[in-house]
file run13.txt (compact mmCIF, C-alpha atoms)
# COMPACT_ATOMS: atom_id res chain seq x y z
CA MET Z 1 -18.19 -3.88 7.56
CA ILE Z 2 -21.47 -1.92 7.43
CA LEU Z 3 -20.33 0.06 4.38
CA HIS Z 4 -19.43 -3.15 2.58
CA ARG Z 5 -22.73 -4.85 3.41
CA MET Z 6 -24.76 -1.82 2.36
CA GLY Z 7 -22.89 -1.63 -0.95
CA TYR Z 8 -21.01 1.66 -0.59
CA TYR Z 9 -17.74 0.41 -2.05
CA ASN Z 10 -19.44 -1.15 -5.07
CA TYR Z 11 -21.57 1.98 -5.53
CA GLN Z 12 -18.50 4.21 -5.55
CA ARG Z 13 -16.62 2.00 -8.01
CA GLY Z 14 -19.72 1.82 -10.20
CA LEU Z 15 -19.74 5.59 -10.61
CA ILE Z 16 -16.22 5.80 -12.00
CA TYR Z 17 -16.79 2.83 -14.31
CA HIS Z 18 -19.99 4.45 -15.57
CA HIS Z 19 -18.14 7.72 -16.23
CA LEU Z 20 -15.42 5.94 -18.20
CA ASN Z 21 -18.03 4.00 -20.17
CA GLN Z 22 -19.68 7.23 -21.31
CA GLU Z 23 -16.53 8.24 -23.25
CA GLY Z 24 -16.83 11.97 -22.58
CA GLY Z 25 -20.62 12.14 -22.36
CA TRP Z 26 -20.43 13.75 -18.92
CA ASN Z 27 -18.03 16.52 -19.96
CA ILE Z 28 -20.57 19.34 -20.26
CA HIS Z 29 -22.01 18.55 -16.83
CA LEU Z 30 -18.58 18.28 -15.19
CA ASN Z 31 -17.39 21.51 -16.78
CA ASN Z 32 -20.55 23.31 -15.65
CA CYS Z 33 -19.98 22.10 -12.10
CA ARG Z 34 -16.38 23.27 -12.05
CA SER Z 35 -17.25 26.63 -13.59
CA PHE Z 36 -20.09 27.33 -11.14
CA ILE Z 37 -17.87 26.41 -8.18
CA LEU Z 38 -14.98 28.63 -9.28
CA ARG Z 39 -17.23 31.61 -9.97
CA SER Z 40 -18.81 31.15 -6.55
CA ILE Z 41 -15.40 31.04 -4.89
CA ASP Z 42 -14.26 34.14 -6.74
CA SER Z 43 -17.41 35.97 -5.60
CA LEU Z 44 -17.39 35.04 -1.90
CA LYS Z 45 -13.63 34.57 -1.43
CA PRO Z 46 -13.86 32.13 1.49
CA LYS Z 47 -10.79 31.07 3.45
CA ILE Z 48 -12.11 27.57 4.11
CA VAL Z 49 -14.12 25.33 1.77
CA THR Z 50 -15.74 22.02 2.70
CA VAL Z 51 -16.84 19.71 -0.09
CA LEU Z 52 -19.51 17.15 0.78
CA GLY Z 53 -19.48 14.20 -1.58
CA SER Z 54 -16.03 14.82 -3.06
CA GLY Z 55 -16.05 11.34 -4.62
CA TRP Z 56 -13.63 10.90 -7.50
CA LEU Z 57 -13.04 14.69 -7.87
CA LEU Z 58 -14.44 14.57 -11.41
CA ASP Z 59 -16.68 17.60 -10.88
CA LEU Z 60 -14.36 19.49 -8.52
CA PRO Z 61 -11.58 21.84 -9.73
CA LEU Z 62 -9.32 20.85 -6.82
CA LYS Z 63 -6.07 22.48 -7.93
CA GLU Z 64 -7.77 25.77 -8.79
CA LEU Z 65 -9.59 25.75 -5.45
CA ALA Z 66 -6.37 25.04 -3.57
CA ASP Z 67 -4.80 28.10 -5.20
CA ARG Z 68 -7.69 30.31 -4.02
CA VAL Z 69 -8.35 29.26 -0.40
CA SER Z 70 -6.41 28.47 2.76
CA ALA Z 71 -7.92 25.05 3.47
CA ILE Z 72 -10.13 22.52 1.69
CA ASN Z 73 -11.95 19.76 3.56
CA LEU Z 74 -12.90 16.87 1.29
CA VAL Z 75 -15.65 14.88 3.00
CA ASP Z 76 -17.01 11.53 1.87
CA ILE Z 77 -18.05 8.26 3.46
CA VAL Z 78 -14.88 6.70 2.04
CA HIS Z 79 -12.14 8.13 -0.19
CA PRO Z 80 -10.82 6.03 -3.10
CA PRO Z 81 -7.06 5.34 -2.94
CA GLU Z 82 -6.57 7.33 -6.14
CA VAL Z 83 -8.14 10.40 -4.50
CA LYS Z 84 -6.01 9.98 -1.38
CA ASN Z 85 -2.91 9.99 -3.56
CA GLN Z 86 -4.01 13.06 -5.51
CA ALA Z 87 -5.06 15.02 -2.41
CA GLY Z 88 -1.85 14.06 -0.62
CA MET Z 89 0.12 16.11 -3.11
CA ILE Z 90 -1.69 19.35 -2.19
CA LYS Z 91 -0.70 20.70 1.20
CA ASN Z 92 -3.90 22.58 2.09
CA VAL Z 93 -6.27 19.66 1.36
CA ILE Z 94 -7.66 17.70 4.32
CA LEU Z 95 -9.43 14.37 3.81
CA LYS Z 96 -12.30 13.50 6.16
CA GLU Z 97 -14.20 10.22 6.03
CA GLU Z 98 -17.60 10.96 7.54
CA ASP Z 99 -21.23 10.08 7.00
CA VAL Z 100 -22.68 13.38 5.80
CA THR Z 101 -26.16 12.19 6.69
CA GLY Z 102 -25.03 12.59 10.31
CA GLY Z 103 -25.24 8.88 11.14
CA LEU Z 104 -28.18 7.62 9.10
CA ILE Z 105 -26.13 4.76 7.66
CA SER Z 106 -25.46 3.14 11.05
CA GLU Z 107 -29.00 3.98 12.23
CA VAL Z 108 -30.60 2.18 9.28
CA TRP Z 109 -28.28 -0.80 9.66
CA GLN Z 110 -28.99 -1.10 13.39
CA LYS Z 111 -32.76 -0.87 12.90
CA ALA Z 112 -33.08 -3.00 9.76
CA GLY Z 113 -29.82 -4.67 8.73
CA HIS Z 114 -30.39 -7.98 10.52
CA ARG Z 115 -34.08 -8.33 9.83
CA THR Z 116 -35.40 -11.18 7.71
CA PHE Z 117 -38.47 -11.89 5.64
CA LEU Z 118 -40.25 -13.04 8.79
CA ASN Z 119 -39.73 -9.89 10.89
CA LYS Z 120 -39.62 -6.98 8.46
CA LEU Z 121 -40.04 -3.44 9.72
CA ARG Z 122 -43.67 -2.33 9.60
CA THR Z 123 -42.91 1.39 9.66
CA LEU Z 124 -39.95 3.70 9.08
CA ASP Z 125 -41.13 6.14 11.74
CA GLY Z 126 -38.78 4.68 14.35
CA ILE Z 127 -35.67 5.47 12.30
CA ASN Z 128 -33.98 8.64 13.49
CA ILE Z 129 -32.85 10.87 10.61
CA PRO Z 130 -30.06 13.03 12.07
CA VAL Z 131 -28.56 16.29 10.84
CA TYR Z 132 -24.87 16.34 9.96
CA GLN Z 133 -22.83 18.30 12.52
CA PRO Z 134 -19.14 18.68 11.62
CA GLU Z 135 -16.79 19.26 14.55
CA TYR Z 136 -14.83 21.95 12.73
CA ASP Z 137 -15.41 25.24 10.95
CA PRO Z 138 -16.58 24.20 7.45
CA GLY Z 139 -16.41 27.68 5.93
CA LEU Z 140 -18.20 27.69 2.57
CA ILE Z 141 -19.89 24.34 1.99
CA ILE Z 142 -20.17 22.72 -1.42
CA SER Z 143 -22.77 19.94 -1.60
CA LEU Z 144 -21.62 18.35 -4.81
CA ASN Z 145 -23.94 15.96 -6.65
CA ILE Z 146 -24.72 14.16 -3.39
CA PHE Z 147 -28.06 15.63 -2.29
CA THR Z 148 -30.29 13.00 -3.91
CA GLN Z 149 -27.71 10.25 -3.37
CA LEU Z 150 -27.77 10.39 0.43
CA GLU Z 151 -30.92 8.28 0.49
CA VAL Z 152 -30.10 5.76 -2.23
CA LEU Z 153 -28.40 2.90 -0.37
CA PRO Z 154 -30.33 3.29 2.91
CA VAL Z 155 -33.59 3.14 0.94
CA GLU Z 156 -32.32 0.22 -1.12
CA LEU Z 157 -31.67 -1.74 2.08
CA LEU Z 158 -35.00 -0.73 3.61
CA ARG Z 159 -36.93 -1.89 0.55
CA LYS Z 160 -35.57 -5.38 1.31
CA LYS Z 161 -36.01 -5.18 5.08
CA ALA Z 162 -39.27 -3.25 5.51
CA ALA Z 163 -42.86 -3.84 4.46
CA VAL Z 164 -44.13 -0.28 4.35
CA SER Z 165 -46.09 1.93 1.98
CA GLU Z 166 -44.63 4.12 -0.75
CA GLU Z 167 -46.00 7.05 1.21
CA ASN Z 168 -43.82 6.05 4.17
CA PHE Z 169 -40.77 5.82 1.90
CA LEU Z 170 -41.61 9.20 0.37
CA GLY Z 171 -41.80 10.84 3.79
CA PHE Z 172 -38.51 9.21 4.79
CA ARG Z 173 -36.75 10.51 1.68
CA LYS Z 174 -38.19 14.01 2.13
CA GLU Z 175 -36.92 14.14 5.71
CA ILE Z 176 -33.38 13.24 4.61
CA GLN Z 177 -33.46 16.05 2.05
CA LYS Z 178 -34.97 18.55 4.52
CA ASN Z 179 -32.25 17.81 7.07
CA HIS Z 180 -29.48 18.29 4.52
CA ILE Z 181 -30.89 21.67 3.50
CA ALA Z 182 -31.36 22.63 7.17
CA PHE Z 183 -27.66 22.00 7.74
CA LEU Z 184 -26.58 23.85 4.60
CA LYS Z 185 -28.65 26.94 5.44
CA LYS Z 186 -26.61 27.49 8.60
CA HIS Z 187 -23.72 28.41 6.32
CA LYS Z 188 -22.88 29.92 2.97
CA PHE Z 189 -23.12 27.11 0.47
CA VAL Z 190 -23.08 25.90 -3.09
CA LEU Z 191 -25.56 23.16 -3.90
CA ILE Z 192 -25.28 21.24 -7.17
CA THR Z 193 -27.77 18.42 -7.60
CA ASP Z 194 -29.87 16.54 -10.08
CA ILE Z 195 -33.52 17.47 -9.59
CA SER Z 196 -35.19 14.98 -11.94
CA GLU Z 197 -34.65 12.29 -14.56
CA VAL Z 198 -36.37 12.87 -17.90
CA VAL Z 199 -36.94 9.68 -19.89
CA THR Z 200 -38.04 9.73 -23.54
CA ASP Z 201 -38.92 6.33 -24.97
CA SER Z 202 -38.74 5.20 -28.57
CA SER Z 203 -42.32 6.37 -29.25
CA GLY Z 204 -41.51 9.91 -28.10
CA SER Z 205 -43.39 9.61 -24.79
CA VAL Z 206 -41.74 11.69 -22.06
CA ASN Z 207 -41.79 10.85 -18.36
CA GLU Z 208 -40.15 13.01 -15.69
CA ILE Z 209 -39.21 11.34 -12.40
CA MET Z 210 -38.50 13.84 -9.63
CA SER Z 211 -35.44 13.16 -7.48
CA VAL Z 212 -35.68 16.36 -5.42
CA LEU Z 213 -38.84 16.10 -3.34
CA ILE Z 214 -38.77 19.40 -1.47
CA ASP Z 215 -38.51 23.08 -2.35
CA LEU Z 216 -34.91 24.21 -2.76
CA PRO Z 217 -33.86 27.63 -1.41
CA ASP Z 218 -33.42 30.53 -3.79
CA GLY Z 219 -29.82 31.55 -4.09
CA SER Z 220 -27.94 34.67 -5.00
CA ARG Z 221 -27.12 32.76 -8.17
CA ASN Z 222 -29.22 29.99 -9.72
CA GLU Z 223 -28.35 28.01 -12.84
CA ASP Z 224 -29.57 24.83 -14.47
CA TRP Z 225 -28.48 22.47 -17.22
CA THR Z 226 -28.95 18.97 -18.62
CA TRP Z 227 -26.68 16.07 -17.66
CA HIS Z 228 -26.45 13.26 -20.23
CA PHE Z 229 -25.80 10.66 -17.55
CA ASP Z 230 -26.39 7.52 -19.56
CA LEU Z 231 -26.08 8.52 -23.20
CA ARG Z 232 -24.59 5.29 -24.56
CA SER Z 233 -27.07 3.00 -22.82
CA SER Z 234 -29.89 5.30 -23.87
CA ASP Z 235 -28.96 4.85 -27.52
CA TYR Z 236 -28.71 1.09 -27.09
CA TYR Z 237 -32.19 0.75 -25.63
CA ARG Z 238 -33.63 3.31 -28.07
CA LYS Z 239 -34.63 5.68 -25.33
CA LYS Z 240 -33.14 8.89 -24.02
CA SER Z 241 -32.51 9.44 -20.33
CA VAL Z 242 -31.10 12.71 -19.00
CA PHE Z 243 -30.95 14.48 -15.65
CA ARG Z 244 -32.04 18.05 -15.01
CA VAL Z 245 -29.47 19.71 -12.77
CA ALA Z 246 -29.76 22.76 -10.52
CA ALA Z 247 -26.87 24.82 -9.13
CA ILE Z 248 -27.42 27.29 -6.28
CA LEU Z 249 -25.10 29.76 -4.60
CA TYR Z 250 -26.53 30.76 -1.22
CA ASP Z 251 -25.15 33.54 0.99
CA ASN Z 252 -27.04 33.33 4.27
CA GLU Z 253 -25.49 36.47 5.76
CA SER Z 254 -26.66 38.94 3.17
CA GLY Z 255 -30.40 38.56 2.73
CA GLU Z 256 -30.11 40.83 -0.31
CA ASP Z 257 -30.59 40.12 -3.97
CA GLN Z 258 -27.08 39.46 -5.29
CA LYS Z 259 -27.92 37.98 -8.65
CA ASN Z 260 -25.28 40.11 -10.35
CA LEU Z 261 -22.45 38.88 -8.14
CA LEU Z 262 -21.08 36.39 -10.61

call {"tool": "encode", "arguments": {"input": "run13.txt", "output": "structure tokens"}}
result
Amino acid sequence: MILHRMGYYNYQRGLIYHHLNQEGGWNIHLNNCRSFILRSIDSLKPKIVTVLGSGWLLDLPLKELADRVSAINLVDIVHPPEVKNQAGMIKNVILKEEDVTGGLISEVWQKAGHRTFLNKLRTLDGINIPVYQPEYDPGLIISLNIFTQLEVLPVELLRKKAAVSEENFLGFRKEIQKNHIAFLKKHKFVLITDISEVVTDSSGSVNEIMSVLIDLPDGSRNEDWTWHFDLRSSDYYRKKSVFRVAAILYDNESGEDQKNLL
């Protein structure tokens, strides 16, 4: 019920419809994601892999991963039926439906979901931002195009239910990102995320909107590329909108410079 009211099902469906509407415009980004993941797996050779934000599996080379590791945990707030069917055909894939914010969804709903125009929240400081704690060995963690998305629907709800400053929202978003990184750094991990949206309007004016609000850790391998997220709509409105993407492989046990691993 909470997921429906906060728009998670519509948000998930919207992503796949947007991908199909782009008619191949995402291919370079998706291929880069898959390549970076496979090279990371081949370098570290983990037995267990946990994917946070598995979504529609567009950016995840699931079959190739399954051939390389003993177990794959696919974690998302809800798995589409099509993904359940696909994963069900691979014996070492385990589906887990969990809130990878550690419970922020229910926390935000409890604190703000039933508020009205007359009793809006006056601060976000009373909202506890937990750290995700899986009750299993996650092995190598892959945070896959979810880092900046963890905040989207909670913040969307809070903008309707809270009368607070942009500074308060900024601090709230930063804390969500800090907690996700704090969790990841307890393990070896791959992080793939958009870091900003770069918008060029019809006059040639460029505006960069940062989506990552904190410093990301340096990895043993760091790559970046451009994701043409909305190419068709950009052409229609005579402006260009792309995402800058960062990919990081982090080995927390080494502490050494391993930039030639891959």

call {"tool": "closest_atom_pairs", "arguments": {"input": "run13.txt", "of": "segment 131-237 of chain Z", "to": "segment 87-111 of chain Z", "cutoff": "9 Å", "atoms": "all atoms listed in the file", "output": "Markdown table"}}
result
| residue | atom | partner | partner_atom | distance |
| --- | --- | --- | --- | --- |
| Z:Val131 | CA | Z:Gly102 | CA | 5.1 |
| Z:Tyr132 | CA | Z:Gly102 | CA | 3.8 |
| Z:Gln133 | CA | Z:Gly102 | CA | 6.5 |
| Z:Pro134 | CA | Z:Gly102 | CA | 8.6 |
| Z:Leu150 | CA | Z:Thr101 | CA | 6.7 |
| Z:Glu151 | CA | Z:Thr101 | CA | 8.7 |
| Z:Leu153 | CA | Z:Ile105 | CA | 8.5 |
| Z:Pro154 | CA | Z:Val108 | CA | 6.5 |
| Z:Val155 | CA | Z:Val108 | CA | 8.9 |
| Z:Leu157 | CA | Z:Val108 | CA | 8.3 |
| Z:Leu158 | CA | Z:Val108 | CA | 7.7 |
| Z:Ile176 | CA | Z:Thr101 | CA | 7.6 |
| Z:Asn179 | CA | Z:Thr101 | CA | 8.3 |
| Z:His180 | CA | Z:Thr101 | CA | 7.3 |

call {"tool": "closest_residue", "arguments": {"input": "run13.txt", "among": "Z:Leu60, Z:Val190, Z:Ile72, Z:Val83", "to": "Leu44 of chain Z", "atoms": "all atoms listed in the file"}}
result
Z:Val190

call {"tool": "closest_residue", "arguments": {"input": "run13.txt", "among": "Z:Ile146, Z:Ile28, Z:Ile192, Z:Ile37", "to": "Ile248 of chain Z", "atoms": "all atoms listed in the file"}}
result
Z:Ile192

call {"tool": "closest_residue", "arguments": {"input": "run13.txt", "among": "Z:Asn128, Z:Ala71, Z:Trp56, Z:Ala66", "to": "Leu30 of chain Z", "atoms": "only C-alpha atoms"}}
result
Z:Trp56

call {"tool": "closest_atom_pairs", "arguments": {"input": "run13.txt", "of": "segment 49-115 of chain Z", "to": "segment 160-163 of chain Z", "cutoff": "8 Å", "atoms": "only C-alpha atoms", "output": "JSON lines"}}
result
{"residue": "Z:Ala112", "atom": "CA", "partner": "Z:Lys161", "partner_atom": "CA", "distance": 5.9}
{"residue": "Z:Gly113", "atom": "CA", "partner": "Z:Lys161", "partner_atom": "CA", "distance": 7.2}
{"residue": "Z:Arg115", "atom": "CA", "partner": "Z:Lys161", "partner_atom": "CA", "distance": 6.0}

call {"tool": "atom_distance", "arguments": {"input": "run13.txt", "atom1": "atom CA of Ile209 of chain Z", "atom2": "atom CA of Asp224 of chain Z"}}
result
16.7 Å

call {"tool": "residues_around", "arguments": {"input": "run13.txt", "residues": "Ala246 of chain Z", "least_positions_apart": "2", "cutoff": "10 Å", "atoms": "all atoms listed in the file", "output": "number ranges by chain"}}
result
Z: 33, 145, 191-196, 216, 222-226, 243-244, 248

call {"tool": "closest_residue", "arguments": {"input": "run13.txt", "among": "Z:Glu197, Z:Glu175, Z:Asp67, Z:Asp59", "to": "Asp42 of chain Z", "atoms": "only C-alpha atoms"}}
result
Z:Asp67

call {"tool": "decode", "arguments": {"input": "run13.txt", "residues": "segment 81-96 of chain Z", "atoms": "N, CA, C and O atoms", "output": "PDB file, in the first residue's frame"}}
result
ATOM      1  N   PRO Z  81       7.258  -8.591 -12.723  1.00  0.00           N
ATOM      2  CA  PRO Z  81       6.982  -9.997 -13.055  1.00  0.00           C
ATOM      3  C   PRO Z  81       7.909 -10.536 -14.132  1.00  0.00           C
ATOM      4  O   PRO Z  81       8.314 -11.705 -14.079  1.00  0.00           O
ATOM      5  N   GLU Z  82       8.252  -9.699 -15.105  1.00  0.00           N
ATOM      6  CA  GLU Z  82       9.129 -10.154 -16.184  1.00  0.00           C
ATOM      7  C   GLU Z  82      10.509 -10.537 -15.656  1.00  0.00           C
ATOM      8  O   GLU Z  82      11.137 -11.492 -16.133  1.00  0.00           O
ATOM      9  N   VAL Z  83      10.992  -9.791 -14.652  1.00  0.00           N
ATOM     10  CA  VAL Z  83      12.288 -10.084 -14.046  1.00  0.00           C
ATOM     11  C   VAL Z  83      12.206 -11.363 -13.220  1.00  0.00           C
ATOM     12  O   VAL Z  83      13.128 -12.180 -13.222  1.00  0.00           O
ATOM     13  N   LYS Z  84      11.108 -11.544 -12.505  1.00  0.00           N
ATOM     14  CA  LYS Z  84      10.926 -12.772 -11.728  1.00  0.00           C
ATOM     15  C   LYS Z  84      10.959 -13.997 -12.636  1.00  0.00           C
ATOM     16  O   LYS Z  84      11.554 -15.023 -12.294  1.00  0.00           O
ATOM     17  N   ASN Z  85      10.335 -13.880 -13.793  1.00  0.00           N
ATOM     18  CA  ASN Z  85      10.342 -14.998 -14.742  1.00  0.00           C
ATOM     19  C   ASN Z  85      11.746 -15.269 -15.269  1.00  0.00           C
ATOM     20  O   ASN Z  85      12.180 -16.426 -15.361  1.00  0.00           O
ATOM     21  N   GLN Z  86      12.463 -14.209 -15.632  1.00  0.00           N
ATOM     22  CA  GLN Z  86      13.810 -14.372 -16.168  1.00  0.00           C
ATOM     23  C   GLN Z  86      14.751 -14.943 -15.125  1.00  0.00           C
ATOM     24  O   GLN Z  86      15.518 -15.877 -15.395  1.00  0.00           O
ATOM     25  N   ALA Z  87      14.705 -14.396 -13.900  1.00  0.00           N
ATOM     26  CA  ALA Z  87      15.592 -14.864 -12.839  1.00  0.00           C
ATOM     27  C   ALA Z  87      15.265 -16.285 -12.419  1.00  0.00           C
ATOM     28  O   ALA Z  87      16.153 -17.048 -12.012  1.00  0.00           O
ATOM     29  N   GLY Z  88      13.997 -16.658 -12.524  1.00  0.00           N
ATOM     30  CA  GLY Z  88      13.585 -18.004 -12.125  1.00  0.00           C
ATOM     31  C   GLY Z  88      14.175 -19.104 -12.978  1.00  0.00           C
ATOM     32  O   GLY Z  88      14.179 -20.271 -12.584  1.00  0.00           O
ATOM     33  N   MET Z  89      14.699 -18.730 -14.132  1.00  0.00           N
ATOM     34  CA  MET Z  89      15.290 -19.722 -15.029  1.00  0.00           C
ATOM     35  C   MET Z  89      16.776 -19.929 -14.763  1.00  0.00           C
ATOM     36  O   MET Z  89      17.405 -20.759 -15.413  1.00  0.00           O
ATOM     37  N   ILE Z  90      17.345 -19.168 -13.818  1.00  0.00           N
ATOM     38  CA  ILE Z  90      18.771 -19.290 -13.502  1.00  0.00           C
ATOM     39  C   ILE Z  90      18.891 -19.737 -12.053  1.00  0.00           C
ATOM     40  O   ILE Z  90      18.486 -19.019 -11.128  1.00  0.00           O
ATOM     41  N   LYS Z  91      19.467 -20.900 -11.834  1.00  0.00           N
ATOM     42  CA  LYS Z  91      19.379 -21.548 -10.522  1.00  0.00           C
ATOM     43  C   LYS Z  91      20.130 -20.830  -9.410  1.00  0.00           C
ATOM     44  O   LYS Z  91      19.772 -20.973  -8.231  1.00  0.00           O
ATOM     45  N   ASN Z  92      21.171 -20.065  -9.717  1.00  0.00           N
ATOM     46  CA  ASN Z  92      21.949 -19.429  -8.653  1.00  0.00           C
ATOM     47  C   ASN Z  92      21.586 -17.956  -8.451  1.00  0.00           C
ATOM     48  O   ASN Z  92      22.360 -17.187  -7.890  1.00  0.00           O
ATOM     49  N   VAL Z  93      20.401 -17.558  -8.917  1.00  0.00           N
ATOM     50  CA  VAL Z  93      19.909 -16.191  -8.721  1.00  0.00           C
ATOM     51  C   VAL Z  93      18.838 -16.187  -7.634  1.00  0.00           C
ATOM     52  O   VAL Z  93      17.891 -16.976  -7.676  1.00  0.00           O
ATOM     53  N   ILE Z  94      19.005 -15.289  -6.662  1.00  0.00           N
ATOM     54  CA  ILE Z  94      18.067 -15.160  -5.547  1.00  0.00           C
ATOM     55  C   ILE Z  94      17.455 -13.764  -5.591  1.00  0.00           C
ATOM     56  O   ILE Z  94      18.177 -12.762  -5.623  1.00  0.00           O
ATOM     57  N   LEU Z  95      16.136 -13.691  -5.600  1.00  0.00           N
ATOM     58  CA  LEU Z  95      15.440 -12.407  -5.610  1.00  0.00           C
ATOM     59  C   LEU Z  95      15.105 -11.983  -4.187  1.00  0.00           C
ATOM     60  O   LEU Z  95      14.556 -12.768  -3.405  1.00  0.00           O
ATOM     61  N   LYS Z  96      15.438 -10.741  -3.858  1.00  0.00           N
ATOM     62  CA  LYS Z  96      15.120 -10.186  -2.541  1.00  0.00           C
ATOM     63  C   LYS Z  96      14.424  -8.844  -2.735  1.00  0.00           C
ATOM     64  O   LYS Z  96      14.955  -7.972  -3.418  1.00  0.00           O
TER      65      LYS Z  96
END
